[in-house]
Structures are given as structure tokens and as C-alpha cells.
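Dropping my_file30.tsv in here (TSV, C-alpha atoms):
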chain	number	residue	atom	x	y	z
H	14	MET	CA	208.31	242.73	-5.26
H	15	ALA	CA	205.00	243.67	-6.73
H	16	SER	CA	203.85	240.99	-9.11
H	17	TRP	CA	202.55	243.50	-11.67
H	18	LEU	CA	206.04	244.78	-12.35
H	19	PRO	CA	207.60	243.52	-15.58
H	20	GLU	CA	210.17	240.73	-15.33
H	21	THR	CA	212.99	243.07	-16.44
H	22	LEU	CA	213.21	246.07	-14.12
H	23	PHE	CA	216.33	247.64	-15.59
H	24	GLU	CA	218.88	246.95	-18.31
H	25	ILE	CA	221.97	248.82	-19.41
H	26	VAL	CA	224.86	247.96	-21.71
H	27	GLY	CA	228.19	249.70	-22.03
H	28	GLN	CA	231.84	249.51	-22.75
H	29	GLY	CA	234.45	249.32	-20.04
H	30	PRO	CA	236.56	252.37	-19.21
H	31	PRO	CA	239.67	252.96	-21.38
H	32	PRO	CA	241.87	251.24	-22.34
H	33	SER	CA	239.41	248.33	-22.12
H	34	LYS	CA	237.35	247.45	-25.18
H	35	ASP	CA	235.23	244.94	-23.28
H	36	TYR	CA	231.44	245.13	-23.38
H	37	TYR	CA	229.18	244.70	-20.36
H	38	GLN	CA	225.49	244.20	-19.69
H	39	LEU	CA	223.72	244.70	-16.39
H	40	LEU	CA	220.22	243.28	-16.16
H	41	VAL	CA	218.00	243.55	-13.10
H	42	THR	CA	214.98	241.26	-13.01
H	43	ARG	CA	212.37	240.88	-10.30
H	44	SER	CA	214.47	238.24	-8.54
H	45	GLN	CA	218.10	238.61	-9.63
H	46	VAL	CA	220.89	240.79	-10.95
H	47	ILE	CA	222.66	239.44	-14.04
H	48	PHE	CA	226.07	240.83	-14.99
H	49	ARG	CA	227.46	239.76	-18.39
H	50	TRP	CA	230.75	240.59	-20.09
H	51	TRP	CA	232.42	240.07	-23.45
H	52	THR	CA	236.19	240.41	-23.64
H	53	ILE	CA	237.41	242.21	-26.75
H	54	SER	CA	241.16	241.97	-27.32
H	55	LEU	CA	243.73	241.74	-30.09
H	56	ARG	CA	246.03	239.71	-27.86
H	57	SER	CA	246.22	236.08	-28.84
H	58	GLU	CA	245.88	234.82	-25.25
H	59	TYR	CA	242.42	236.45	-24.95
H	60	ARG	CA	241.04	235.54	-28.37
H	61	SER	CA	239.47	232.31	-27.17
H	62	THR	CA	237.93	233.91	-24.08
H	63	LYS	CA	234.22	233.17	-23.89
H	64	PRO	CA	231.63	235.65	-22.65
H	65	GLY	CA	230.98	235.48	-18.93
H	66	GLU	CA	227.93	235.81	-16.74
H	67	THR	CA	227.28	236.22	-13.04
H	68	LYS	CA	223.82	235.81	-11.56
H	69	GLU	CA	223.07	236.98	-8.04
H	70	THR	CA	219.85	237.26	-6.08
H	71	HIS	CA	219.03	240.79	-4.96
H	72	GLU	CA	220.14	239.96	-1.43
H	73	ASP	CA	223.45	238.49	-2.64
H	74	PHE	CA	224.10	241.52	-4.88
H	75	LEU	CA	223.65	243.83	-1.89
H	76	GLU	CA	226.37	241.86	-0.07
H	77	ASN	CA	228.73	241.50	-3.07
H	78	ALA	CA	231.13	244.46	-2.80
H	79	HIS	CA	233.20	243.30	-5.79
H	80	LEU	CA	230.23	243.19	-8.18
H	81	GLN	CA	229.02	246.54	-6.86
H	82	SER	CA	232.43	248.09	-7.47
H	83	GLN	CA	232.54	246.67	-11.02
H	84	THR	CA	229.10	248.13	-11.66
H	85	ALA	CA	230.22	251.55	-10.40
H	86	ILE	CA	233.41	251.48	-12.49
H	87	ILE	CA	231.67	250.49	-15.71
H	88	PHE	CA	228.27	252.19	-15.45
H	89	GLY	CA	228.82	254.87	-12.81
H	90	VAL	CA	227.83	255.44	-9.21
H	91	ARG	CA	224.38	256.76	-10.16
H	92	ILE	CA	223.51	253.47	-11.88
H	93	LEU	CA	224.88	251.51	-8.93
H	94	ASP	CA	222.69	253.49	-6.52
H	95	TYR	CA	219.66	252.89	-8.74
H	96	VAL	CA	220.33	249.13	-8.89
H	97	ILE	CA	220.85	248.97	-5.12
H	98	ASN	CA	217.50	250.69	-4.62
H	99	LEU	CA	215.83	248.22	-6.99
H	100	CYS	CA	217.35	245.32	-5.05
H	101	LYS	CA	215.99	246.82	-1.82
H	102	GLY	CA	212.53	246.95	-3.39
H	103	GLN	CA	212.54	250.73	-3.78
H	104	VAL	CA	211.10	251.01	-7.29
H	105	ASP	CA	210.62	254.51	-8.74
H	106	PHE	CA	207.14	254.06	-10.16
H	107	LEU	CA	206.98	257.61	-11.54
H	108	GLU	CA	210.08	256.92	-13.63
H	109	ARG	CA	208.37	253.88	-15.13
H	110	LEU	CA	205.41	255.87	-16.52
H	111	SER	CA	205.36	256.62	-20.24
H	112	ASP	CA	206.03	260.13	-21.53
H	113	ASP	CA	202.50	260.40	-22.92
H	114	LEU	CA	200.94	259.55	-19.55
H	115	LEU	CA	203.24	261.98	-17.73
H	116	LEU	CA	202.40	264.73	-20.24
H	117	ASN	CA	198.72	264.12	-19.62
H	118	ILE	CA	199.24	264.41	-15.85
H	119	ILE	CA	201.48	267.49	-16.15
H	120	SER	CA	198.91	269.26	-18.31
H	121	TYR	CA	196.63	269.54	-15.25
H	122	LEU	CA	199.25	271.44	-13.22
H	123	ASP	CA	199.40	275.21	-12.85
H	124	LEU	CA	202.11	276.92	-14.92
H	125	GLU	CA	204.11	277.75	-11.76
H	126	ASP	CA	204.10	274.08	-10.77
H	127	ILE	CA	205.16	273.05	-14.28
H	128	ALA	CA	208.09	275.47	-14.02
H	129	ARG	CA	209.12	273.94	-10.68
H	130	LEU	CA	208.69	270.40	-11.98
H	131	SER	CA	210.93	271.16	-14.96
H	132	GLN	CA	213.80	271.78	-12.53
H	133	THR	CA	213.65	268.35	-10.89
H	134	SER	CA	215.25	266.22	-13.63
H	135	HIS	CA	216.36	266.19	-17.25
H	136	ARG	CA	213.38	264.05	-18.19
H	137	PHE	CA	210.85	266.43	-16.63
H	138	ALA	CA	212.65	269.44	-18.13
H	139	LYS	CA	212.28	267.87	-21.57
H	140	LEU	CA	208.62	267.03	-20.98
H	141	CYS	CA	207.73	270.43	-19.48
H	142	MET	CA	209.29	272.29	-22.40
H	143	SER	CA	207.83	270.04	-25.09
H	144	ASP	CA	205.59	271.30	-27.85
H	145	LYS	CA	203.19	268.46	-27.11
H	146	LEU	CA	202.57	269.74	-23.55
H	147	SER	CA	202.06	273.27	-24.85
H	148	GLU	CA	199.48	271.99	-27.32
H	149	GLN	CA	197.67	270.03	-24.58
H	150	ILE	CA	197.55	273.09	-22.31
H	151	VAL	CA	196.26	275.35	-25.07
H	152	GLN	CA	193.65	272.79	-26.09
H	153	SER	CA	192.45	272.39	-22.49
H	154	THR	CA	192.22	276.15	-21.85
H	155	CYS	CA	190.71	277.21	-25.18
H	156	ASP	CA	187.20	276.13	-26.05
H	157	THR	CA	187.89	276.20	-29.77
H	158	ILE	CA	191.09	276.28	-31.75
H	159	THR	CA	190.35	277.82	-35.11
H	160	PRO	CA	192.33	277.16	-38.28
H	161	ASP	CA	193.59	280.76	-38.04
H	162	MET	CA	195.01	280.03	-34.57
H	163	LYS	CA	196.72	276.90	-35.87
H	164	ALA	CA	198.20	278.84	-38.80
H	165	LEU	CA	199.45	281.57	-36.45
H	166	ALA	CA	201.04	278.95	-34.17
H	167	ALA	CA	202.71	277.33	-37.16
H	168	ASP	CA	204.02	280.71	-38.39
H	169	VAL	CA	205.34	281.68	-34.96
H	170	GLY	CA	207.02	278.30	-34.64
H	171	ARG	CA	208.74	278.71	-38.00
H	172	CYS	CA	209.77	282.33	-37.40
H	173	ALA	CA	211.49	281.76	-34.06
H	174	SER	CA	215.12	282.85	-34.24
H	175	PRO	CA	217.79	280.17	-33.72
H	176	THR	CA	219.06	282.02	-30.64
H	177	SER	CA	215.70	282.17	-28.91
H	178	SER	CA	215.05	280.11	-25.84
H	179	SER	CA	212.08	278.28	-27.28
H	180	PRO	CA	211.89	274.55	-26.58
H	181	SER	CA	212.37	273.64	-30.21
H	182	SER	CA	215.59	275.65	-30.50
H	183	ALA	CA	216.87	274.37	-27.16
H	184	GLY	CA	216.63	270.76	-28.26
H	185	GLY	CA	213.23	270.19	-26.64
H	186	ASN	CA	212.19	267.74	-29.35
H	187	LYS	CA	215.30	265.56	-29.26
H	188	SER	CA	215.06	262.44	-27.21
H	189	THR	CA	217.81	261.94	-24.66
H	190	GLU	CA	218.29	259.38	-21.91
H	191	ALA	CA	217.97	260.77	-18.43
Transcribe the structure of this file into C-alpha cells.
Amino acid sequence: MASWLPETLFEIVGQGPPPSKDYYQLLVTRSQVIFRWWTISLRSEYRSTKPGETKETHEDFLENAHLQSQTAIIFGVRILDYVINLCKGQVDFLERLSDDLLLNIISYLDLEDIARLSQTSHRFAKLCMSDKLSEQIVQSTCDTITPDMKALAADVGRCASPTSSSPSSAGGNKSTEA
């Protein structure tokens, strides 16, 4: 893998499916997949159970059907597919870019392209409907933004009805994991 990638490529934690109360961690580094678990139980026979850990190289993880099935059960098939792609060296570099950098790049697109991009994923929908992107586009298209324009924008933002489809009323400012 590319040496400029960070050591940790992906990490997720979660609780096992009901009725399990066990906690799990899946960590993908540049060279291995680490699967950790903590057994949580009220039963006396499990109280002394210590946390467990399995470390596999990327190649071994790709051949380990049991570990792949555990990953799918606990974290979902989408996460399993993503981890398999990482192990194959298929890193989604666009996904690794920061929101600020992506907003800067998106601000150079035409409005039609921004509308299309917003339909590709939850993350891009959030970014394309963000107030920050709107501000960047206005600032790049207008030579001067007067205090009157800023006041009008603030008034319009405050006066939007709760049922409108504006990004702020649709949850555009809330951060969610995609």
C-alpha cells in the first residue's frame, strides 16, 4: 500500500446483535486487520472472560470466511465490503479527503453538477446542501458582499419556515456518519 497512507486505514466499534451485549472493534491498518471483542454477561461462567483479539494480515483476512462472516453479522455487509476492498488495496481516496477540502473542490462545479453530485452519497448530499458551500459559491461569484447583503442573508435564513426545504431545516448542518 501507499506509504503516505496513515497507519490506521479504518476503525469501527459496535455492539453485537441482540441478545448479545458484547462489544467489538474492527481495526484495519496498512498491514493487518485486528478484530477485538469484550464479552459482557451477567452469567457467572462468563464473568472472568478476558477480552479477545485476532490479528490477520490482509491476505489472511481475505481467506478467513469465519472472520468475514463475524464482521458482516456485527458491522454489516457494507462494512465487510469496504474492509475487503481495503485489504485488496482498493482505497477510496476521495472518501479520505476532509469536508473543507471537498467543499473547496465542489465550489468550482456548475450548479447542475453539484445537484448531480448530491445524489451520489449521504456525505455529498450533506456537503452540497451545506450553508458553507452556498457562502463559498456566493463569495466566488460576487465581487463584493456588502453588509446589506449579509444582513439580508441573515434575515432570510432566520425567516425560513420550518417546513421549507432549505438545508438548515432539512438537517443540513447536523453531522452524520455516512
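From CA of Leu18 in chain H back to CA of Phe88 in chain H, the distance works out to 23.6 Å.
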Which residues of range 80-175 of chain H sit at most 10 Å from range 37-59 of chain H, using only C-alpha atoms? Give each one's shortest atom pair and distance in Å (one decimal place), in chain and ascending residue order, as CSV.
residue,atom,partner,partner_atom,distance
H:Leu80,CA,H:Phe48,CA,8.3
H:Gln83,CA,H:Phe48,CA,9.6
H:Thr84,CA,H:Leu39,CA,7.9
H:Ile87,CA,H:Tyr37,CA,7.8
H:Phe88,CA,H:Leu39,CA,8.8
H:Ile92,CA,H:Leu39,CA,9.9
H:Val96,CA,H:Val41,CA,7.4
H:Leu99,CA,H:Val41,CA,8.0
H:Cys100,CA,H:Gln45,CA,8.2
H:Gly102,CA,H:Arg43,CA,9.2
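Taking CA of Phe106 in chain H and CA of Met142 in chain H as the two end points, the separation is 22.1 Å.
Proximity ranking of H:Phe137, H:Ile97, H:Gln103, H:Gln149 relative to Asn117 in chain H places H:Gln149 first, based on all atoms listed in the file.
The space between CA of Lys63 in chain H and CA of Asp35 in chain H spans 11.8 Å.
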**Fill in**
Using only C-alpha atoms, the shortest atom-to-atom distance to Glu24 in chain H among H:Glu148, H:Leu114, H:Leu165, H:Tyr95 belongs to H:Tyr95
